[in-house]
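Below is the file structure_7.cif, which contains mmCIF, C-alpha atoms.
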data_structure
#
loop_
_atom_site.group_PDB
_atom_site.id
_atom_site.type_symbol
_atom_site.label_atom_id
_atom_site.label_comp_id
_atom_site.auth_asym_id
_atom_site.auth_seq_id
_atom_site.Cartn_x
_atom_site.Cartn_y
_atom_site.Cartn_z
ATOM 1 C CA MET A 1 0.000 0.000 0.000
ATOM 2 C CA LYS A 2 2.760 2.398 0.970
ATOM 3 C CA CYS A 3 4.622 1.517 -2.176
ATOM 4 C CA ARG A 4 1.565 2.353 -4.332
ATOM 5 C CA LEU A 5 1.112 5.665 -2.577
ATOM 6 C CA LEU A 6 4.748 6.483 -3.169
ATOM 7 C CA ILE A 7 4.414 5.689 -6.876
ATOM 8 C CA CYS A 8 1.276 7.861 -7.126
ATOM 9 C CA ALA A 9 3.011 10.694 -5.313
ATOM 10 C CA ALA A 10 5.948 10.438 -7.698
ATOM 11 C CA VAL A 11 3.845 10.264 -10.877
ATOM 12 C CA LEU A 12 1.193 12.903 -10.095
ATOM 13 C CA PRO A 13 3.484 15.958 -10.303
ATOM 14 C CA LEU A 14 4.700 14.759 -13.699
ATOM 15 C CA ALA A 15 1.155 14.797 -15.054
ATOM 16 C CA GLY A 16 1.294 18.564 -15.261
ATOM 17 C CA CYS A 17 4.352 18.483 -17.498
ATOM 18 C CA VAL A 18 2.589 16.720 -20.390
ATOM 19 C CA ASN A 19 0.564 19.796 -21.350
ATOM 20 C CA VAL A 20 1.829 20.828 -24.813
ATOM 21 C CA LYS A 21 0.617 23.913 -26.627
ATOM 22 C CA PRO A 22 -0.733 23.308 -30.170
ATOM 23 C CA ILE A 23 1.498 24.535 -32.948
ATOM 24 C CA GLU A 24 0.154 27.621 -34.751
ATOM 25 C CA VAL A 25 0.380 27.049 -38.517
ATOM 26 C CA LYS A 26 -1.934 29.839 -39.706
ATOM 27 C CA PRO A 27 0.806 32.308 -40.754
ATOM 28 C CA ILE A 28 2.233 29.713 -43.165
ATOM 29 C CA HIS A 29 -1.151 29.385 -44.899
ATOM 30 C CA VAL A 30 -1.473 33.150 -45.125
ATOM 31 C CA THR A 31 1.954 33.418 -46.765
ATOM 32 C CA VAL A 32 1.101 30.722 -49.312
ATOM 33 C CA ASP A 33 -2.240 32.394 -50.100
ATOM 34 C CA VAL A 34 -0.562 35.761 -50.608
ATOM 35 C CA ASN A 35 2.019 34.237 -52.963
ATOM 36 C CA VAL A 36 -0.694 32.514 -55.008
ATOM 37 C CA ASN A 37 -2.744 35.713 -55.139
ATOM 38 C CA VAL A 38 0.269 37.630 -56.447
ATOM 39 C CA LYS A 39 0.850 34.999 -59.143
ATOM 40 C CA VAL A 40 -2.822 34.971 -60.143
ATOM 41 C CA ASP A 41 -2.849 38.773 -60.199
ATOM 42 C CA LYS A 42 0.113 38.800 -62.581
ATOM 43 C CA SER A 43 -1.500 36.221 -64.846
ATOM 44 C CA LEU A 44 -4.760 38.178 -64.890
ATOM 45 C CA ASP A 45 -2.836 41.347 -65.689
ATOM 46 C CA ASN A 46 -1.094 39.591 -68.579
ATOM 47 C CA TYR A 47 -4.426 38.547 -69.991
ATOM 48 C CA PHE A 48 -6.516 41.652 -69.325
ATOM 49 C CA ASP A 49 -3.896 44.401 -69.884
ATOM 50 C CA ASP A 50 -4.585 44.607 -73.626
ATOM 51 C CA ILE A 51 -8.334 44.750 -73.049
ATOM 52 C CA ASP A 52 -8.013 47.294 -70.241
ATOM 53 C CA GLU A 53 -5.848 49.552 -72.389
ATOM 54 C CA LYS A 54 -8.566 49.677 -75.041
ATOM 55 C CA SER A 55 -11.353 50.153 -72.512
ATOM 56 C CA ALA A 56 -12.940 53.559 -72.044
ATOM 57 C CA THR A 57 -14.014 52.760 -68.493
ATOM 58 C CA ILE A 58 -10.706 51.570 -67.085
ATOM 59 C CA VAL A 59 -7.621 53.607 -66.339
ATOM 60 C CA PRO A 60 -4.577 51.786 -67.721
ATOM 61 C CA ASP A 61 -1.815 50.836 -65.287
ATOM 62 C CA ALA A 62 0.643 53.607 -64.453
ATOM 63 C CA LYS A 63 3.986 52.930 -66.099
ATOM 64 C CA PRO A 64 7.009 52.253 -63.899
ATOM 65 C CA ALA A 65 9.081 55.286 -62.906
ATOM 66 C CA ALA A 66 11.949 54.297 -65.251
ATOM 67 C CA GLN A 67 9.654 54.460 -68.281
ATOM 68 C CA ALA A 68 7.860 57.633 -67.256
ATOM 69 C CA SER A 69 9.113 61.057 -68.242
ATOM 70 C CA PRO A 70 12.270 61.986 -66.328
ATOM 71 C CA ALA A 71 11.952 64.187 -63.272
ATOM 72 C CA PRO A 72 12.938 67.811 -63.944
ATOM 73 C CA THR A 73 16.447 68.572 -62.796
ATOM 74 C CA PRO A 74 16.772 71.449 -60.325
ATOM 75 C CA ALA A 75 17.944 74.678 -61.945
ATOM 76 C CA THR A 76 21.535 75.565 -61.136
ATOM 77 C CA PRO A 77 22.148 79.109 -60.007
ATOM 78 C CA MET B 1 -22.662 -10.894 -84.922
ATOM 79 C CA LYS B 2 -23.079 -10.346 -88.656
ATOM 80 C CA PRO B 3 -20.480 -8.169 -90.421
ATOM 81 C CA ALA B 4 -23.233 -5.989 -91.885
ATOM 82 C CA LEU B 5 -24.532 -5.265 -88.387
ATOM 83 C CA VAL B 6 -21.058 -4.338 -87.160
ATOM 84 C CA PHE B 7 -20.614 -2.051 -90.144
ATOM 85 C CA ARG B 8 -23.974 -0.371 -89.430
ATOM 86 C CA PHE B 9 -23.028 0.150 -85.776
ATOM 87 C CA LEU B 10 -19.652 1.661 -86.676
ATOM 88 C CA PHE B 11 -21.247 3.914 -89.291
ATOM 89 C CA ALA B 12 -23.838 5.171 -86.750
ATOM 90 C CA ALA B 13 -21.091 5.805 -84.200
ATOM 91 C CA TRP B 14 -19.067 7.752 -86.779
ATOM 92 C CA ILE B 15 -22.096 9.900 -87.701
ATOM 93 C CA ALA B 16 -22.849 10.575 -84.011
ATOM 94 C CA PHE B 17 -19.248 11.617 -83.392
ATOM 95 C CA ALA B 18 -19.192 13.842 -86.486
ATOM 96 C CA VAL B 19 -22.347 15.650 -85.355
ATOM 97 C CA ALA B 20 -21.576 15.935 -81.639
ATOM 98 C CA GLY B 21 -17.808 16.357 -81.891
ATOM 99 C CA PRO B 22 -17.481 19.996 -83.019
ATOM 100 C CA ALA B 23 -20.099 21.201 -80.557
ATOM 101 C CA GLN B 24 -18.434 19.512 -77.607
ATOM 102 C CA ALA B 25 -14.949 20.639 -78.579
ATOM 103 C CA GLN B 26 -15.759 24.207 -77.514
ATOM 104 C CA ALA B 27 -17.284 23.289 -74.179
ATOM 105 C CA PRO B 28 -14.338 22.640 -71.841
ATOM 106 C CA ALA B 29 -12.632 25.771 -70.634
ATOM 107 C CA GLY B 30 -9.100 24.625 -71.367
ATOM 108 C CA ARG B 31 -9.717 23.947 -75.063
ATOM 109 C CA ILE B 32 -10.626 27.470 -76.167
ATOM 110 C CA PRO B 33 -7.485 29.414 -77.035
ATOM 111 C CA LEU B 34 -7.118 32.514 -74.872
ATOM 112 C CA SER B 35 -6.322 34.613 -77.931
ATOM 113 C CA VAL B 36 -9.754 33.779 -79.366
ATOM 114 C CA LEU B 37 -11.444 34.721 -76.098
ATOM 115 C CA ARG B 38 -9.535 37.976 -75.865
ATOM 116 C CA LYS B 39 -10.528 38.942 -79.415
ATOM 117 C CA GLU B 40 -14.172 38.254 -78.617
ATOM 118 C CA GLN B 41 -13.944 40.404 -75.494
ATOM 119 C CA GLU B 42 -12.230 43.202 -77.410
ATOM 120 C CA LYS B 43 -14.983 43.139 -80.044
ATOM 121 C CA ARG B 44 -17.578 43.437 -77.284
ATOM 122 C CA LEU B 45 -15.702 46.175 -75.441
ATOM 123 C CA PRO B 46 -17.179 49.355 -77.014
ATOM 124 C CA ALA B 47 -20.743 48.159 -76.434
ATOM 125 C CA LEU B 48 -19.962 47.020 -72.901
ATOM 126 C CA ASP B 49 -18.212 50.303 -72.123
ATOM 127 C CA ALA B 50 -21.265 52.217 -73.346
ATOM 128 C CA LEU B 51 -23.519 50.206 -71.044
ATOM 129 C CA LYS B 52 -21.150 50.696 -68.115
ATOM 130 C CA THR B 53 -20.854 54.439 -68.759
ATOM 131 C CA SER B 54 -24.634 54.813 -68.942
ATOM 132 C CA GLY B 55 -24.980 52.990 -65.606
ATOM 133 C CA VAL B 56 -27.025 50.086 -66.987
ATOM 134 C CA VAL B 57 -24.226 47.644 -66.240
ATOM 135 C CA GLY B 58 -21.876 47.507 -63.273
ATOM 136 C CA GLU B 59 -18.903 45.429 -62.183
ATOM 137 C CA ASN B 60 -19.785 43.121 -59.309
ATOM 138 C CA ASN B 61 -17.514 41.893 -56.527
ATOM 139 C CA GLN B 62 -17.062 38.457 -58.144
ATOM 140 C CA GLY B 63 -15.290 39.703 -61.262
ATOM 141 C CA PHE B 64 -18.347 39.697 -63.504
ATOM 142 C CA VAL B 65 -20.524 42.343 -65.102
ATOM 143 C CA GLU B 66 -24.090 42.665 -63.939
ATOM 144 C CA VAL B 67 -27.170 44.380 -65.336
ATOM 145 C CA ARG B 68 -28.443 46.801 -62.725
ATOM 146 C CA GLY B 69 -32.219 47.005 -62.553
ATOM 147 C CA ASN B 70 -34.273 46.118 -65.627
ATOM 148 C CA GLY B 71 -31.911 45.804 -68.540
ATOM 149 C CA SER B 72 -32.896 45.278 -72.162
ATOM 150 C CA ASP B 73 -32.486 41.909 -73.873
ATOM 151 C CA TYR B 74 -29.522 43.395 -75.690
ATOM 152 C CA ALA B 75 -27.798 44.312 -72.426
ATOM 153 C CA THR B 76 -28.665 40.985 -70.808
ATOM 154 C CA ASN B 77 -27.284 38.996 -73.746
ATOM 155 C CA LEU B 78 -24.133 41.066 -73.958
ATOM 156 C CA VAL B 79 -23.518 40.654 -70.232
ATOM 157 C CA ALA B 80 -24.130 36.898 -70.464
ATOM 158 C CA ASP B 81 -21.603 36.548 -73.310
ATOM 159 C CA GLU B 82 -18.997 38.627 -71.481
ATOM 160 C CA ASN B 83 -19.491 36.699 -68.251
ATOM 161 C CA HIS B 84 -19.175 33.396 -70.081
ATOM 162 C CA ASP B 85 -15.787 34.418 -71.461
ATOM 163 C CA ARG B 86 -14.632 35.758 -68.117
ATOM 164 C CA ALA B 87 -15.697 32.540 -66.390
ATOM 165 C CA VAL B 88 -13.602 30.537 -68.849
ATOM 166 C CA VAL B 89 -10.549 32.696 -68.113
ATOM 167 C CA TYR B 90 -11.054 32.463 -64.345
ATOM 168 C CA THR B 91 -11.517 28.699 -64.515
ATOM 169 C CA LEU B 92 -8.359 28.346 -66.555
ATOM 170 C CA TYR B 93 -6.223 30.265 -64.052
ATOM 171 C CA ALA B 94 -7.955 28.553 -61.125
ATOM 172 C CA ARG B 95 -6.889 25.189 -62.528
ATOM 173 C CA LYS B 96 -3.379 26.454 -63.176
ATOM 174 C CA TYR B 97 -2.894 27.654 -59.594
ATOM 175 C CA ASP B 98 -5.112 25.049 -57.927
ATOM 176 C CA ILE B 99 -7.508 27.529 -56.383
ATOM 177 C CA ALA B 100 -11.234 28.186 -56.727
ATOM 178 C CA PRO B 101 -12.434 30.149 -59.794
ATOM 179 C CA GLU B 102 -14.341 32.388 -57.370
ATOM 180 C CA GLN B 103 -11.038 33.465 -55.808
ATOM 181 C CA VAL B 104 -9.672 34.392 -59.232
ATOM 182 C CA GLY B 105 -12.846 36.341 -59.949
ATOM 183 C CA ARG B 106 -12.620 38.238 -56.667
ATOM 184 C CA LEU B 107 -8.996 39.184 -57.392
ATOM 185 C CA ARG B 108 -10.021 40.521 -60.803
ATOM 186 C CA ALA B 109 -12.963 42.384 -59.232
ATOM 187 C CA LYS B 110 -10.588 44.093 -56.810
ATOM 188 C CA LYS B 111 -8.333 45.178 -59.665
ATOM 189 C CA VAL B 112 -11.268 46.413 -61.753
ATOM 190 C CA ALA B 113 -12.560 48.427 -58.796
ATOM 191 C CA GLU B 114 -9.141 50.061 -58.410
ATOM 192 C CA LYS B 115 -8.743 50.838 -62.098
ATOM 193 C CA SER B 116 -12.296 51.854 -63.025
ATOM 194 C CA LYS B 117 -12.909 55.425 -64.064
ATOM 195 C CA PRO B 118 -15.184 57.724 -62.030
ATOM 196 C CA GLY B 119 -18.881 57.218 -62.640
ATOM 197 C CA ILE B 120 -18.714 53.433 -63.116
ATOM 198 C CA TRP B 121 -20.979 51.354 -60.890
ATOM 199 C CA LEU B 122 -19.109 48.900 -58.692
ATOM 200 C CA GLN B 123 -20.111 46.401 -56.035
ATOM 201 C CA ALA B 124 -18.230 46.595 -52.752
ATOM 202 C CA PRO B 125 -17.064 43.375 -51.025
ATOM 203 C CA ASP B 126 -20.044 43.720 -48.636
ATOM 204 C CA GLY B 127 -22.464 43.595 -51.590
ATOM 205 C CA THR B 128 -23.521 47.239 -51.716
ATOM 206 C CA TRP B 129 -23.389 49.100 -55.024
ATOM 207 C CA TYR B 130 -21.708 52.467 -55.347
ATOM 208 C CA GLN B 131 -20.668 54.814 -58.114
ATOM 209 C CA LYS B 132 -16.927 55.379 -58.268
ATOM 210 C CA LYS B 133 -15.952 58.966 -57.481
#

Represent the supplied structure as C-alpha cells.
Amino acid sequence: MKCRLLICAAVLPLAGCVNVKPIEVKPIHVTVDVNVNVKVDKSLDNYFDDIDEKSATIVPDAKPAAQASPAPTPATP
Amino acid sequence: MKPALVFRFLFAAWIAFAVAGPAQAQAPAGRIPLSVLRKEQEKRLPALDALKTSGVVGENNQGFVEVRGNGSDYATNLVADENHDRAVVYTLYARKYDIAPEQVGRLRAKKVAEKSKPGIWLQAPDGTWYQKK
C-alpha cells in the first residue's frame, strides 16, 4: 500500500508536465495564399492588360518610374 | 454478330461523333485558345463600355458584369456573353494555380474596382453598389 502511494506521489506531479501547446500554422497558410494571389494577379494582368488599355471605363496601369518622363532637374544658379 | 450489323453500328457511331464532336470541342474551358477569347472580349468592349458608362451595367464583386435594374435583352445577352468568357478565363487560371475560380474572380474584381474610371458602378465586397468617385 505504501509503495503504491509512493508511486502515485511520484507520478502525479509529472502529469502537469505533459501539457503541450498546439502549434500555430496559420501564418504559413497566409503566406502561401498571398504568394498565389500575387501569381494569379500577374496572370490576370497579362491577360486583361490589352483589353483594359482599349477600354474607355478603365484607367490603364501607371507605367514604372523608369519608363515615365524623367523628373525635372533642379535649376543651377 | 453479322459483319453488316457491325458495319452499321460503326457507321452510326461515326455519324454521331461527327455531329456531336465539333459542338463539344468548344465546351471545356481549357480547349478554347485565350487569344480567341480575348478577341471576342475586345470586339464586345465598345458596347460594354457604353452600357457601363450609362450605368445600366456595373462590375460586381465576383469579377463579372451585372445588369443593374431592368436591362434590355440586348444588355442581358451582352452581359451573359462577357461573363461566359470571363468565367472561362477564371476557370483556366484557377486550374493552373489550384484555387477556386471564385477566388480568381474576386482578385479581378478588386483590380477592376481600383482601375475603373469615375462614374462606373461597382459592387463593394459587402455587396452594396456604389458609383466610383

Residues near segment 45-48 of chain A, cut-off 10 Å, only C-alpha atoms, skip fewer than 5 positions along chain, as a VMD selection string: (chain A and resid 39 to 40 53 61) or (chain B and resid 34 to 35 38 41 89 108 111)

Neighbour list for Ala87 of chain B as an NGL selection string, cut-off 12 Å, all atoms listed in the file, skip fewer than 5 positions in-chain: :B and (28-30 or 37 or 62-65 or 79-82 or 92-94 or 100-106 or 108)

Atomic distance atom CA of Asp50 of chain A - atom CA of Glu40 of chain B, expressed in Å with one decimal: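 Straight-line distance from atom CA of Asp50 of chain A to atom CA of Glu40 of chain B works out to 12.5 Å.
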
Residues selected by the PyMOL selection byres ((chain A) within 7 of (chain B)), written as a PyMOL selection string: chain A and resi 40-41+51+55-59

Generate a file of the selected residues that holds C-alpha atoms, formatted as an mmCIF file, in the coordinates of the input.
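What follows is the written file part_36.cif:
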data_model
loop_
_atom_site.group_PDB
_atom_site.id
_atom_site.type_symbol
_atom_site.label_atom_id
_atom_site.label_comp_id
_atom_site.auth_asym_id
_atom_site.auth_seq_id
_atom_site.Cartn_x
_atom_site.Cartn_y
_atom_site.Cartn_z
ATOM 1 C CA VAL A 40 -2.822 34.971 -60.143
ATOM 2 C CA ASP A 41 -2.849 38.773 -60.199
ATOM 3 C CA ILE A 51 -8.334 44.750 -73.049
ATOM 4 C CA SER A 55 -11.353 50.153 -72.512
ATOM 5 C CA ALA A 56 -12.940 53.559 -72.044
ATOM 6 C CA THR A 57 -14.014 52.760 -68.493
ATOM 7 C CA ILE A 58 -10.706 51.570 -67.085
ATOM 8 C CA VAL A 59 -7.621 53.607 -66.339
#

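Coordinates place atom CA of Leu51 of chain B at a distance of 9.6 Å from atom CA of Leu78 of chain B.
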
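Straight-line separation from atom CA of Asn70 of chain B to atom CA of Arg86 of chain B: 22.3 Å.
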
Among listed residues B:Asn83, B:Tyr74, B:Ser54, B:Arg95, nearest Trp121 of chain B (using only C-alpha atoms):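 Ranked by minimum distance to Trp121 of chain B, first place goes to B:Ser54.
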
Hey, could you pull the box centre and edge lengths for segment 22-40 of chain A, axis-aligned, 5 Å padding per side, all listed atoms, to one decimal in Å, as AutoDock Vina command-line options?
--center_x -0.3 --center_y 30.5 --center_z -45.2 --size_x 15.1 --size_y 24.3 --size_z 40.0
